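What follows is a single structure, written as structure tokens, with notes after it.
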Amino acid sequence: MLTIEQIDSIDKEFEDRLGQVGDARSLEALRIEFTGKKGKLTLLLKELGAIPTAERIEFGKRINDLKTRVEGQLKEYAEKFKQSPAKKSDADLTLPGIKPAAGKLHPITQTIQKILSIFTKMGFEAVDGREIETEFYNFTALNIPLNHPSRDAFDTFYTRHGNLLRSQTSTVQIRMMQKHKPPLKIVAPGKVYRPDTVDASHSFMFHQIEGLMVDEKTTFSDLKGTLAFFLRELYGPSTKVRFRPHFFPFTEPSVEVDMSCFMCRGKGCHVCSRTGWIEVLGAGSVHPNVLEAVGISSKKYQGFAFGLGVERMTMLRYGIHDIRLFFENDVRFLHQF
Amino acid sequence: MKVSLNWLKDYVNVNVPAGEMAHRLTMAGLEAKIPVSVAGDSVMDVEITSNRPDWLSHIGVAREISAVFGKKLILPAAKKPDPKIEKSEKAFRIAVENLRLCPYYSAVYLEDVKNIPTPDFMKKRLEALGLRPINFLVDVTNYVLLETGQPLHAFDADLIQGDTIYVRPARKGEKLIAIDGKEYDLISTDLVIADAGGPIAIAGVMGGKSTEINPRTKNVLLESAFFDPVAVRTASRRLSLASDSSYRFERKVDPAGVDQGRNRAVDLISAYAGIDKISKVFKTGKPPVSSKKINLKPEFISKILGVRLNAAEISGILKYLGLGVKKSKSMLVVDIPSFRPDLIVPVDLVEEIARIYGYDHLPESLPALQPLAKMEDAIFPMLDRVKHLAAGAGYDEVINFSLIHEENLLKTGWNTETLTRIINPMHHELAVMRPTLMQGLVENIQRNLNVGNQNVSFFEVGRVYGIETANKLPEEIWHLGLAVTGNKLLNWKDKGRAVTLYDLKGVIEMIAEELSVTDLHFVESHHPFLADHANLEIRVGLEPVGILGELKEEIRSRYDIPQKVYLAEVNLELLAKRRSSKKEYTPISKFPAIQRDLALLVPKQVKAVALMDEVRRSAGPLMKQAELFDVFESDKLPSGIKSIGITMHFQSEEKTLSSDEINSIQEKVLSDLKARFGAHLR
């Protein structure tokens with residue numbers, strides 16, 4: 001039967017045990033032991049029913065007082081444990097992160113990838129072709145006659161056996177047109193070679209991307225639209241585009257494409273030689289002689305072609321002043337892109 | 001070419017600010033710089049494209065201005081010499097050896113020309129354009145050249161030997177001292193003007209000193225001709241001698257302008273200096289004027305440009321350009337004048353119309369997407385993948401020249417004789433197309449070490465070039481090259497260590513794995529670039545696809561590289577052919593995996609690959625994976641023995657393996673290793 005001594009004994013036991021509690025976990029265990037479903041105090045209350053009615057009130061009061069006190073103290077201790085500061089770490093979290101080794105793609109590769117992704121978006125397919133070529137693919141098929149001043153712009157390196165190093169990647173397009181009949185929509189990136197004296201803006205080897213679209217109805221206005229779209233994708237939607245007549249033996253009408261200077265937005269600065277415009281592309285409607293040279297009927301098919309210099313675009317983009325840096329491959333240069 | 005705006009006003013009257021003139025011309029295709037003020041005039045520099053010889057004169061530029069601004073062109077009257085001037089009886093015979101080289105030659109004898117100073121207006125114009133006035137007769141020829149585009153030459157007639165003018169190829173051994181004072185050795189491809197004594201001018205290029213107009217000149221022979229463009233170009237290039245004359249002949253002068261230019265000059269000389277007597281015109285051949293018509297349908301214009309223009313607009317543009325236009329049924333028949341040799345096919349006219357109309361007035365459209373013919377699989381996606389993998393592994397991409405210095409290759413014992421060779425290289429050293437990427441990579445390492453970049457790892461994805469024969473173009477093959485030197489893991493936590501061959505080997509293995517190339521392995525080899533003790537051939541199955549190793553010390557020291565360098569090169573096209581096509585999923589086991597480590601003592605000469613192959617063979621299919629996690633050599637171990645640590649991973653798809661089952665496999669492995677290699681548990 002329930003006695004006052006029992007109540008007191010549980011009271012004392014609780015106090016003793018509370019004193020030994022060191023952390024939230026043992027506090028919680030204590031709470032469950034005393035006030036949980038099968039807790040000592042909880043069971044006491046259950047035994048209240050067996051006590052004669054006369055003494056029940058006094059017993060009840062004692063047990064409830066104890067319960068209130070126990071719950072109060074449990075709560076107080078819980079607060080204390082919450083507030084006590086976490087054990088301070090003495091690691092120096094400002095030490096630098098340990099970066100995984102990551103190399104860089106060459107800035108020329110990055111530019112090529114960026115430009116190709118825009119043309120791929122427009123449905124152009126990237127194609128590859130050889131660099132050592134014949135007179136036919138580099139000149140004859142491109143309507144550039146031997147012994148004509150227009151050849152001067154396309155001086156080339158010749159090999160021992162009368163072959164040459166391509167001076168533009170249009171050679172790839174000529175080969176493609178021989179292999180595949182229109183409709184054609186291709187871009188050809190790659191190395192080209194010109195015997196220019198090497199200086200800060202000229203290298204005897206550099207990269208071009210040329211494009212070609214030929215079918216039954218592609219017009220000059222399609223050329224304008226395609227190139228304007230490309231430039232706005234690359235340099236931003238507010239880029240202005242200007243088309244100026246020019247001369248290339250393999251296109252007619254021919255055009256040089258300028259874009260508003262991305263640096264000064266057309267106001268004039270050192271990047272655009274104060275004109276507000278930067279020349280970026282050569283292009284034009286494919287000359288009928290070029291189509292006929294590869295066995296494509298110029299009466300049935302028409303289209304346009306364009307070309308750009310990758311190093312030049314990259315130099316303009318990043319403000320690089322010397323083209324030779326691309327091929328010196330100093331890591332302090334390569335790591336900047 | 002410089003033009004004087006005042007002079008242009010003689011032929012077309014346009015009153016716009018000079019800057020606007022330049023801009024409008026540029027936007028129509030004649031690139032013009034902002035005019036510069038020079039002594040009361042404005043001088044504009046224009047860039048003439050090689051297809052527009054008709055622009056090489058003030059009249060030509062004026063015609064362009066007339067078309068761009070829609071203003072009338074006023075041409076100076078092409079006057080024949082004043083009939084009142086007495087006829088001279090002097091006769092020169094013209095003997096042209098080959099009409100193909102000189103289709104038309106004309107000359108006129110001017111007797112007793114007064115020696116006057118050059119008139120002011122002429123002097124001013126020549127000076128504004130940067131020409132030095134020399135004497136009146138020479139200045140007139142320069143003036144007419146700049147005005148009409150027709151080059152002329154004035155000979156002191158009394159200094160000509162004999163009375164025949166020969167237009168012929170030079171003969172071997174002939175020389176000429178030109179008016180620039182230099183002596184030129186002539187050969188049979190040089191077309192010359194000659195008299196009885198020999199060459200007196202290089203045709204179309206430069207006159208000779210012996211017959212030069214001088215202060216005592218009284219009688220003049222004035223030449224105006226049409227020389228074959230290729231003949232003039234050949235001589236000019238060979239002799240490295242160019243002039244305003246040769247520049248124009250190369251691009252083809254207007255055949256109808258030959259007589260006009262001569263008449264204009266005679267007119268000017270007569271008007272200002274006065275001529276006593278003029279002979280008849282001596283000539284041979286005839287100006288190669290071919291009458292040309294192009295039929296142009298308006299629908300054709302809209303088919304090419306993508307926009308419809310009205311017929312009146314089209315005709316107007318063509319007329320201002322100096323072309324004759326007649327309507328014939330639904331078509332325009334366009335008469336092409338002799339000064340427009342560049343207009344040959346209908347698209348040429350479309351360009352003329354479009355550029356005068358204004359490219360910026362033409363619409364922009366985007367072509368509709370359409371299904372295209374299937375192309376063969378380009379190699380680019382794989383090349384890009386390889387680049388990303390190598391960069392991800394910590395290697396920086398380099399791009400090197402395709403032309404290399406042969407000498408270094410030769411020193412490594414490489415046979416360069418049949419490599420593709422350039423006969424006109426930029427630099428004498430860079431004359432051979434590279435057969436390997438390694439030389440470039442070694443040079444990159446050297447250069448970077450020299451500037452203090454100590455720890456570098458490079459890769460290049462680029463082509464190497466094969467041998468060239470008379471019948472076949474050389475092969476061009478995509479390779480991957482890798483080079484690494486220095487230390488790695490340099491940070492405050494890891495100890496940092498020197499880079500080793502195995503680091504590079506791992507990159508190759510990783511790339512092969514990512515490309516689904518199986519059966520990649522390495523075999524000892526003897527590549528000339530690599531050291532004897534680290535010289536491997538990379539194979540896929542039996543096929544060699546590349547090399548891997550340490551750069552030979554003797555090559556390293558030749559480049560002054562003080563530290564070890566590891567190199568690899570792989571033929572990516574061969575690798576591409578060995579990619580497995582499909583990846584297929586293998587179900588993963590639901591049952592737990594158990595790991596067991598073995599520390600083994602094995603004789604030093606036992607190769608890791610042999611040991612691991614035997615462990616796998618012996619353990620059977622329940623061992624899913626075995627890795628070598630430690631290699632350890634020390635004096636504390638018995639001599640001739642090394643320690644190897646292997647982790648084995650066991651797992652079954654059907655049940656949880658028991659300790660007993662695993663133990664029995666392990667026993668078997670140990671027993672097989674002992675029998676095969678004499679290996680013991682440590």
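All residue names refer to the structure tokens as shown: chains lettered A, B, ... in order, residues numbered from 1 in each chain, ligands numbered from 1 in order.
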
Using only C-alpha atoms, determine which residues of chain A fall within 7 Å of chain B; present them as a PyMOL selection string. chain A and resi 98+101-106+123+127-128+130+147+149-150+157-161+183-184+195+205+218-222+224-226+242-247+252-253+327+329-330

Please return, as a list in words, all residues of segment 88-195 of chain A that DSSP assigns to strand (DSSP E) on the basis of the backbone. Glu125, Ala126, Ile132, Glu133, Leu164, Leu165, Leu184, Lys185, Ile186, Val187, Ala188, Pro189, Gly190, Lys191, Val192 and Tyr193 of chain A

What lies within 7 Å of Val545 of chain B using only C-alpha atoms, ignoring chain neighbours under 5 positions off, as number ranges by chain? B: 538-540, 570-571, 574-575

Using only C-alpha atoms, which of B:Lys636, B:His533, B:Lys329, B:Arg682 sits nearest Asn295 of chain B? B:Lys329

Would you give me, as a PyMOL selection string, the residues in segment 315-541 of chain B that DSSP reads as alpha helix (DSSP H)? chain B and resi 315-320+346-357+380-392+406-411+438-450+501-514

I'd like the neighbourhood of Tyr184 of chain B as an mmCIF file with N, CA and C atoms, in the first residue's frame, where a residue qualifies if any of its atoms comes within 7 Å (using only C-alpha atoms), though same-chain residues fewer than 5 positions away should be ignored.
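Writing the result to selection13.cif gives the following:
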data_model
loop_
_atom_site.group_PDB
_atom_site.id
_atom_site.type_symbol
_atom_site.label_atom_id
_atom_site.label_comp_id
_atom_site.auth_asym_id
_atom_site.auth_seq_id
_atom_site.Cartn_x
_atom_site.Cartn_y
_atom_site.Cartn_z
ATOM 1 N N LYS B 175 69.622 44.108 -120.480
ATOM 2 C CA LYS B 175 69.474 44.843 -119.239
ATOM 3 C C LYS B 175 68.800 46.173 -119.534
ATOM 4 N N LEU B 176 68.302 46.786 -118.470
ATOM 5 C CA LEU B 176 67.719 48.119 -118.634
ATOM 6 C C LEU B 176 67.977 48.922 -117.372
ATOM 7 N N ILE B 177 68.459 50.166 -117.566
ATOM 8 C CA ILE B 177 68.508 51.064 -116.411
ATOM 9 C C ILE B 177 67.207 51.857 -116.449
#

Residue with smallest distance to Asp267 of chain B - pool B:Thr164, B:Ile85, B:Pro341, B:Arg238, counting only C-alpha atoms: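 Looking at the shortest contact to Asp267 of chain B, the residue is B:Ile85.
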
Give me the residues near Gln110 of chain A as a list of chain:residue names, where near means some atom within 10 Å (using only C-alpha atoms) and where sequence neighbours in that chain fewer than 6 positions away do not count. A:Lys104, A:Leu116, A:Thr314, A:Phe337

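By only C-alpha atoms, and with residues fewer than 3 positions from Asp672 of chain B along its chain excluded, the set lying at most 8 Å from it is Glu614, Ser618, Lys668, Val669, Ala675 and Arg676 of chain B.
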
Please save N, CA and C atoms of the selected residues as a short mmCIF file (atom, residue, chain, number, x, y, z; two decimals), in the first residue's frame.
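Dumped everything to result31.cif:
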data_model
loop_
_atom_site.label_atom_id
_atom_site.label_comp_id
_atom_site.auth_asym_id
_atom_site.auth_seq_id
_atom_site.Cartn_x
_atom_site.Cartn_y
_atom_site.Cartn_z
N GLU B 614 46.42 -13.13 -61.38
CA GLU B 614 46.32 -14.43 -60.74
C GLU B 614 45.32 -14.39 -59.59
N SER B 618 42.21 -16.81 -59.60
CA SER B 618 42.09 -17.78 -58.53
C SER B 618 40.81 -17.60 -57.71
N LYS B 668 42.43 -20.50 -50.97
CA LYS B 668 42.77 -20.93 -52.33
C LYS B 668 43.66 -19.89 -53.00
N VAL B 669 43.29 -18.64 -52.84
CA VAL B 669 44.08 -17.56 -53.46
C VAL B 669 45.50 -17.59 -52.92
N ALA B 675 52.14 -20.97 -54.84
CA ALA B 675 52.63 -21.92 -55.84
C ALA B 675 53.20 -21.18 -57.03
N ARG B 676 52.54 -20.15 -57.44
CA ARG B 676 52.91 -19.45 -58.68
C ARG B 676 54.08 -18.49 -58.50
#

Tell me which protein, DNA and RNA residues are within 9 Å of Gln168 of chain A, counting only C-alpha atoms, leaving out same-chain ones fewer than 5 positions away, and put them as a list in words.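 Here the answer would be Asn138, Phe154, Gly190, Lys191, Val192, Tyr193, Arg194, His207, Gln208, Ile209, Glu210 and Gly307 of chain A.
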
Could you save the residues just selected, with N, CA and C atoms, as a CSV table (one decimal), in the first residue's frame?
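File written: part-v8.csv
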chain,number,residue,atom,x,y,z
A,138,ASN,N,41.7,24.9,-102.9
A,138,ASN,CA,42.0,26.1,-102.3
A,138,ASN,C,41.8,27.4,-103.2
A,154,PHE,N,45.4,35.9,-100.9
A,154,PHE,CA,45.4,34.5,-100.4
A,154,PHE,C,46.7,33.8,-100.6
A,190,GLY,N,38.8,25.2,-88.0
A,190,GLY,CA,40.1,24.6,-88.2
A,190,GLY,C,41.2,25.5,-88.4
A,191,LYS,N,42.4,24.9,-88.5
A,191,LYS,CA,43.6,25.7,-88.7
A,191,LYS,C,43.7,26.1,-90.1
A,192,VAL,N,44.2,27.4,-90.3
A,192,VAL,CA,44.6,27.8,-91.7
A,192,VAL,C,46.0,28.4,-91.6
A,193,TYR,N,46.6,28.6,-92.8
A,193,TYR,CA,48.0,29.0,-92.9
A,193,TYR,C,48.2,30.1,-93.9
A,194,ARG,N,48.8,31.2,-93.5
A,194,ARG,CA,49.1,32.2,-94.5
A,194,ARG,C,50.5,32.8,-94.2
A,207,HIS,N,43.2,30.2,-86.7
A,207,HIS,CA,42.0,29.4,-86.8
A,207,HIS,C,40.9,30.1,-87.4
A,208,GLN,N,40.1,29.5,-88.2
A,208,GLN,CA,38.9,30.1,-88.8
A,208,GLN,C,37.7,29.2,-88.6
A,209,ILE,N,36.5,29.9,-88.6
A,209,ILE,CA,35.3,29.1,-88.7
A,209,ILE,C,34.6,29.6,-90.0
A,210,GLU,N,34.3,28.7,-90.9
A,210,GLU,CA,33.5,29.1,-92.1
A,210,GLU,C,32.2,28.4,-92.1
A,307,GLY,N,32.7,33.7,-93.1
A,307,GLY,CA,33.9,33.2,-92.4
A,307,GLY,C,34.3,34.2,-91.4

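Distances from B:Asn408, B:Asp45, B:Leu8, B:Asn98 to Ala22 of chain B were compared using only C-alpha atoms, and the smallest one belongs to B:Asp45.
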